[in-house]
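Some notes on the structure that comes next.
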Amino acid sequence: MTKSAPLDMAPLPAAAASTRWPWPTWLGASVGVHAAAAGAALLVPDAAAWALGAIVLNHAALAAAGLSPRCSLLGPNVTRLPPAAAARGEFALTLDDGPDPAVTPAVLDLLAEHRVRATFFCIAERARVHPALVREIVAAGHSVQNHSQVHRHNFSLLGPKAIEREITAAQDTLADITGVRPFCFRAPAGFRNPMLDPVLHRLGLNLVSWTRRGFDTREADPQRVLARLAKGLAAGDILLLHDGHARRTAAGRAVLLDVLPALLERCRAAGLRAVTLRDALPPRHATP
């Protein structure tokens with residue numbers, strides 16, 4: 001495997017919030033709805049059903065926001081690279097759910113062949129099982145970021161303490177393996193709840209979702225995956241694929257491996273240059 005020059009490997013200090021968590025507008029509005037509903041139920045008993053309905057609708061709206069991976073209602077959510085990166089013609093290729101020893105080495109070979117650097121959102125428990133592979137990712141010039149410790153399917157239902165334990169455990173695991181502490185987090189499946197952002201703020205982590213995804217964990221046709229990613233392809237895009245939990249083609253090959261060459265060629269033809277999130281994004285608490 002051809003290896004490019006490694007990134008600066010100086011360990012990052014543990015992130016700590018330098019500012020208080022900003023009280024978001026949605027939270028004030030939600031508190032107001034609850035207070036108004038309680039007051040109405042007490043002062044006008046006949047309005048209790050309406051008050052309860054208002055509370056239910058409020059919670060439904062917050063739940064819908066949490067189930068919309070690209071929504072920013074629950075806190076800052078990076079769906080595109082900053083304008084300066086877009087102006088330079090940059091895009092970010094991100095890969096989730098690895099490392100997978102049956103897929104990730106082939107992905108690294110393809111990225112080296114095309115001279116592209118990517119960001120791997122690793123499940124820390126998998127990284128602990130395959131530490132040498134994670135170190136190979138970093139040594140090839142790619143970035144490793146936090147995709148939780150165990151990729152729990154009920155992540156969006158956890159309370160603040162459980163969320164913090166899950167994310168902090170992954171931070172420690174990945175930093176121990178790579179010597180570089182992640183500064184970005186992607187929620188499992190992109191799902192979250194209102195208690196996530198205060199934790200990310202405290203830990204100094206950017207929440208990163210994507211501009212578009214290929215749905216390559218469920219789609220077995222590489223052409224369909226490629227079409228979803230390439231439609232409207234533009235500078236500043238954050239693209240999502242998976243080297244873990246990858247769907248296989250009829251021939252038993254991970255869909256990602258058939259999609260990547262054509263996708264990277266289209267990016268090159270469009271004059272786009274791949275960068276890692278560490279290259280393109282500032283830390284969450286960076287001052288302008």
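Residues are named by chain letter and number: chains run A, B, ... in the order of the structure tokens, numbers start at 1 in each chain, and ligands are numbered from 1 in the order shown.
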
Range 169-237 of chain A near range 82-88 of chain A within 8 Å: what's each residue's closest atom pair and its distance in Å to one decimal, counting only C-alpha atoms, ordered by chain then ascending residue number, as a Markdown table?
```
| residue | atom | partner | partner_atom | distance |
| --- | --- | --- | --- | --- |
| A:Ala235 | CA | A:Ala86 | CA | 4.8 |
| A:Gly236 | CA | A:Ala86 | CA | 4.1 |
| A:Asp237 | CA | A:Ala86 | CA | 7.9 |
```

### Task
Fewer than 6 positions away in the same chain doesn't count, so skip those; otherwise give me all residues within 12 Å of Ala102 in chain A, counting only C-alpha atoms, as a PyMOL selection string.
chain A and resi 108+130+133+243-246+248+252-254+257

Could the residues in this selection be written to a file with N, CA and C atoms, as a compact mmCIF listing (two decimals), in the first residue's frame?
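Writing done, so here's out33.txt:
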```
# COMPACT_ATOMS: atom_id res chain seq x y z
N LEU A 108 -8.33 2.04 1.88
CA LEU A 108 -7.07 2.79 1.99
C LEU A 108 -6.26 2.68 0.70
N HIS A 130 -9.09 -3.53 16.51
CA HIS A 130 -8.19 -3.46 15.36
C HIS A 130 -7.31 -2.20 15.44
N LEU A 133 -4.93 -1.29 12.46
CA LEU A 133 -5.62 -0.78 11.27
C LEU A 133 -5.95 0.71 11.45
N ASP A 243 -17.34 2.22 5.57
CA ASP A 243 -16.43 1.08 5.45
C ASP A 243 -16.80 -0.01 6.45
N GLY A 244 -17.66 0.31 7.41
CA GLY A 244 -18.24 -0.68 8.31
C GLY A 244 -19.71 -0.85 7.99
N HIS A 245 -20.26 -2.02 8.28
CA HIS A 245 -21.67 -2.32 7.98
C HIS A 245 -21.99 -2.12 6.50
N ALA A 246 -20.99 -2.34 5.65
CA ALA A 246 -21.16 -2.09 4.22
C ALA A 246 -22.04 -3.17 3.57
N ARG A 248 -23.22 -5.56 0.63
CA ARG A 248 -22.50 -6.27 -0.42
C ARG A 248 -23.29 -6.32 -1.72
N GLY A 252 -20.75 -10.19 -3.79
CA GLY A 252 -20.19 -10.30 -2.45
C GLY A 252 -19.16 -9.24 -2.11
N ARG A 253 -19.06 -8.21 -2.93
CA ARG A 253 -18.08 -7.14 -2.73
C ARG A 253 -18.76 -5.94 -2.06
N ALA A 254 -18.09 -5.30 -1.11
CA ALA A 254 -18.65 -4.12 -0.45
C ALA A 254 -18.98 -3.05 -1.49
N LEU A 257 -16.58 -0.17 -2.37
CA LEU A 257 -15.37 -0.38 -3.19
C LEU A 257 -15.65 -0.20 -4.67
```

### Message
I need the strand (DSSP E) residues of range 85-218 of chain A per DSSP on the backbone, written as a ChimeraX atom specification.
### Response
/A:90-96,119-122,143-146,184-185,206-207,212-213

Dump as a PDB file, in the first residue's frame, selection limited to N, CA and C atoms:
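Output contents, as saved in part_6.pdb:
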```
ATOM      1  N   GLU A  90     -12.885  22.702  -2.078  1.00  0.00           N
ATOM      2  CA  GLU A  90     -12.660  21.508  -1.256  1.00  0.00           C
ATOM      3  C   GLU A  90     -13.963  20.792  -0.931  1.00  0.00           C
ATOM      4  N   PHE A  91     -13.864  19.499  -0.742  1.00  0.00           N
ATOM      5  CA  PHE A  91     -14.977  18.693  -0.236  1.00  0.00           C
ATOM      6  C   PHE A  91     -14.404  17.682   0.740  1.00  0.00           C
ATOM      7  N   ALA A  92     -15.272  17.057   1.536  1.00  0.00           N
ATOM      8  CA  ALA A  92     -14.826  16.067   2.521  1.00  0.00           C
ATOM      9  C   ALA A  92     -15.507  14.736   2.255  1.00  0.00           C
ATOM     10  N   LEU A  93     -14.703  13.695   2.157  1.00  0.00           N
ATOM     11  CA  LEU A  93     -15.201  12.330   2.072  1.00  0.00           C
ATOM     12  C   LEU A  93     -15.137  11.731   3.465  1.00  0.00           C
ATOM     13  N   THR A  94     -16.267  11.283   3.988  1.00  0.00           N
ATOM     14  CA  THR A  94     -16.301  10.703   5.329  1.00  0.00           C
ATOM     15  C   THR A  94     -16.800   9.268   5.259  1.00  0.00           C
ATOM     16  N   LEU A  95     -16.220   8.419   6.101  1.00  0.00           N
ATOM     17  CA  LEU A  95     -16.558   6.993   6.117  1.00  0.00           C
ATOM     18  C   LEU A  95     -16.883   6.576   7.545  1.00  0.00           C
ATOM     19  N   ASP A  96     -18.033   5.930   7.703  1.00  0.00           N
ATOM     20  CA  ASP A  96     -18.535   5.585   9.037  1.00  0.00           C
ATOM     21  C   ASP A  96     -18.444   4.096   9.341  1.00  0.00           C
ATOM     22  N   THR A 119     -11.916  11.291   6.053  1.00  0.00           N
ATOM     23  CA  THR A 119     -12.159  11.291   7.498  1.00  0.00           C
ATOM     24  C   THR A 119     -12.937  10.032   7.850  1.00  0.00           C
ATOM     25  N   PHE A 120     -12.398   9.258   8.779  1.00  0.00           N
ATOM     26  CA  PHE A 120     -13.026   8.017   9.215  1.00  0.00           C
ATOM     27  C   PHE A 120     -13.681   8.233  10.579  1.00  0.00           C
ATOM     28  N   PHE A 121     -15.003   8.159  10.626  1.00  0.00           N
ATOM     29  CA  PHE A 121     -15.717   8.198  11.901  1.00  0.00           C
ATOM     30  C   PHE A 121     -15.775   6.768  12.424  1.00  0.00           C
ATOM     31  N   CYS A 122     -14.877   6.464  13.334  1.00  0.00           N
ATOM     32  CA  CYS A 122     -14.706   5.090  13.800  1.00  0.00           C
ATOM     33  C   CYS A 122     -15.539   4.794  15.041  1.00  0.00           C
ATOM     34  N   SER A 143      -7.922  11.272   8.747  1.00  0.00           N
ATOM     35  CA  SER A 143      -8.335  11.724  10.074  1.00  0.00           C
ATOM     36  C   SER A 143      -9.295  10.714  10.692  1.00  0.00           C
ATOM     37  N   VAL A 144      -9.129  10.458  11.978  1.00  0.00           N
ATOM     38  CA  VAL A 144     -10.021   9.564  12.718  1.00  0.00           C
ATOM     39  C   VAL A 144     -10.835  10.394  13.696  1.00  0.00           C
ATOM     40  N   GLN A 145     -12.164  10.282  13.620  1.00  0.00           N
ATOM     41  CA  GLN A 145     -13.048  11.044  14.489  1.00  0.00           C
ATOM     42  C   GLN A 145     -14.026  10.110  15.209  1.00  0.00           C
ATOM     43  N   ASN A 146     -14.805  10.676  16.113  1.00  0.00           N
ATOM     44  CA  ASN A 146     -15.606   9.940  17.085  1.00  0.00           C
ATOM     45  C   ASN A 146     -16.991   9.595  16.535  1.00  0.00           C
ATOM     46  N   CYS A 184     -14.387  16.035  16.356  1.00  0.00           N
ATOM     47  CA  CYS A 184     -15.693  15.944  15.703  1.00  0.00           C
ATOM     48  C   CYS A 184     -16.412  14.690  16.187  1.00  0.00           C
ATOM     49  N   PHE A 185     -17.734  14.771  16.222  1.00  0.00           N
ATOM     50  CA  PHE A 185     -18.573  13.637  16.611  1.00  0.00           C
ATOM     51  C   PHE A 185     -19.707  13.508  15.617  1.00  0.00           C
ATOM     52  N   ASN A 206     -17.369  19.234  17.655  1.00  0.00           N
ATOM     53  CA  ASN A 206     -18.292  19.628  16.587  1.00  0.00           C
ATOM     54  C   ASN A 206     -19.202  18.453  16.237  1.00  0.00           C
ATOM     55  N   LEU A 207     -20.504  18.691  16.160  1.00  0.00           N
ATOM     56  CA  LEU A 207     -21.405  17.697  15.596  1.00  0.00           C
ATOM     57  C   LEU A 207     -21.343  17.823  14.083  1.00  0.00           C
ATOM     58  N   ARG A 212     -24.775  14.984   1.674  1.00  0.00           N
ATOM     59  CA  ARG A 212     -25.551  13.908   1.064  1.00  0.00           C
ATOM     60  C   ARG A 212     -24.905  12.573   1.389  1.00  0.00           C
ATOM     61  N   ARG A 213     -25.720  11.527   1.338  1.00  0.00           N
ATOM     62  CA  ARG A 213     -25.252  10.181   1.667  1.00  0.00           C
ATOM     63  C   ARG A 213     -25.662   9.215   0.571  1.00  0.00           C
TER      64      ARG A 213
END
```

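Relative to CA of Ala112 in chain A, CA of Thr211 in chain A is found at 23.8 Å.
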
### Task
Determine which residues of range 89-260 of chain A receive a DSSP assignment of helix (DSSP H, G or I), computed from the backbone, and state them as a count of residues only.
73

### Task
Rank A:Leu157, A:Val208, A:Leu277, A:Ala139 by their smallest atom-to-atom distance to Thr178 in chain A, using only C-alpha atoms, and report the top residue only.
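Checking each candidate against Thr178 in chain A, we get A:Ala139 as the closest.
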
### Task
Tell me which of A:Ala189, A:Ala250, A:Leu226, A:Val180 sits closest to His147 in chain A, counting only C-alpha atoms.
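Nearest to His147 in chain A: A:Ala189.
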
#### Entry: Pick from A:Pro222, A:Gly89, A:Gly159, A:Gly232 nearest to Val259 in chain A, counting only C-alpha atoms
A:Pro222

### Atomic separation - CA of Ser148 in chain A relative to CA of Ala169 in chain A, Å
7.9 Å

### Query
So how far away is CA of Gln223 in chain A from CA of His142 in chain A, in Å?
25.9 Å

### Summary
From the list A:Asp172, A:Asp197, A:Glu113, A:Asp100, the nearest residue to Leu74 in chain A using only C-alpha atoms is A:Asp197

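Using only C-alpha atoms, the smallest distance between any of A:Arg20, A:Arg284, A:His201, A:His242 and Pro99 in chain A comes from A:His242.
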
### Query
Which residue out of A:Val78, A:Ala140, A:Leu281, A:Ile177 has the minimum interatomic distance to Val107 in chain A when only C-alpha atoms are used?
A:Ala140
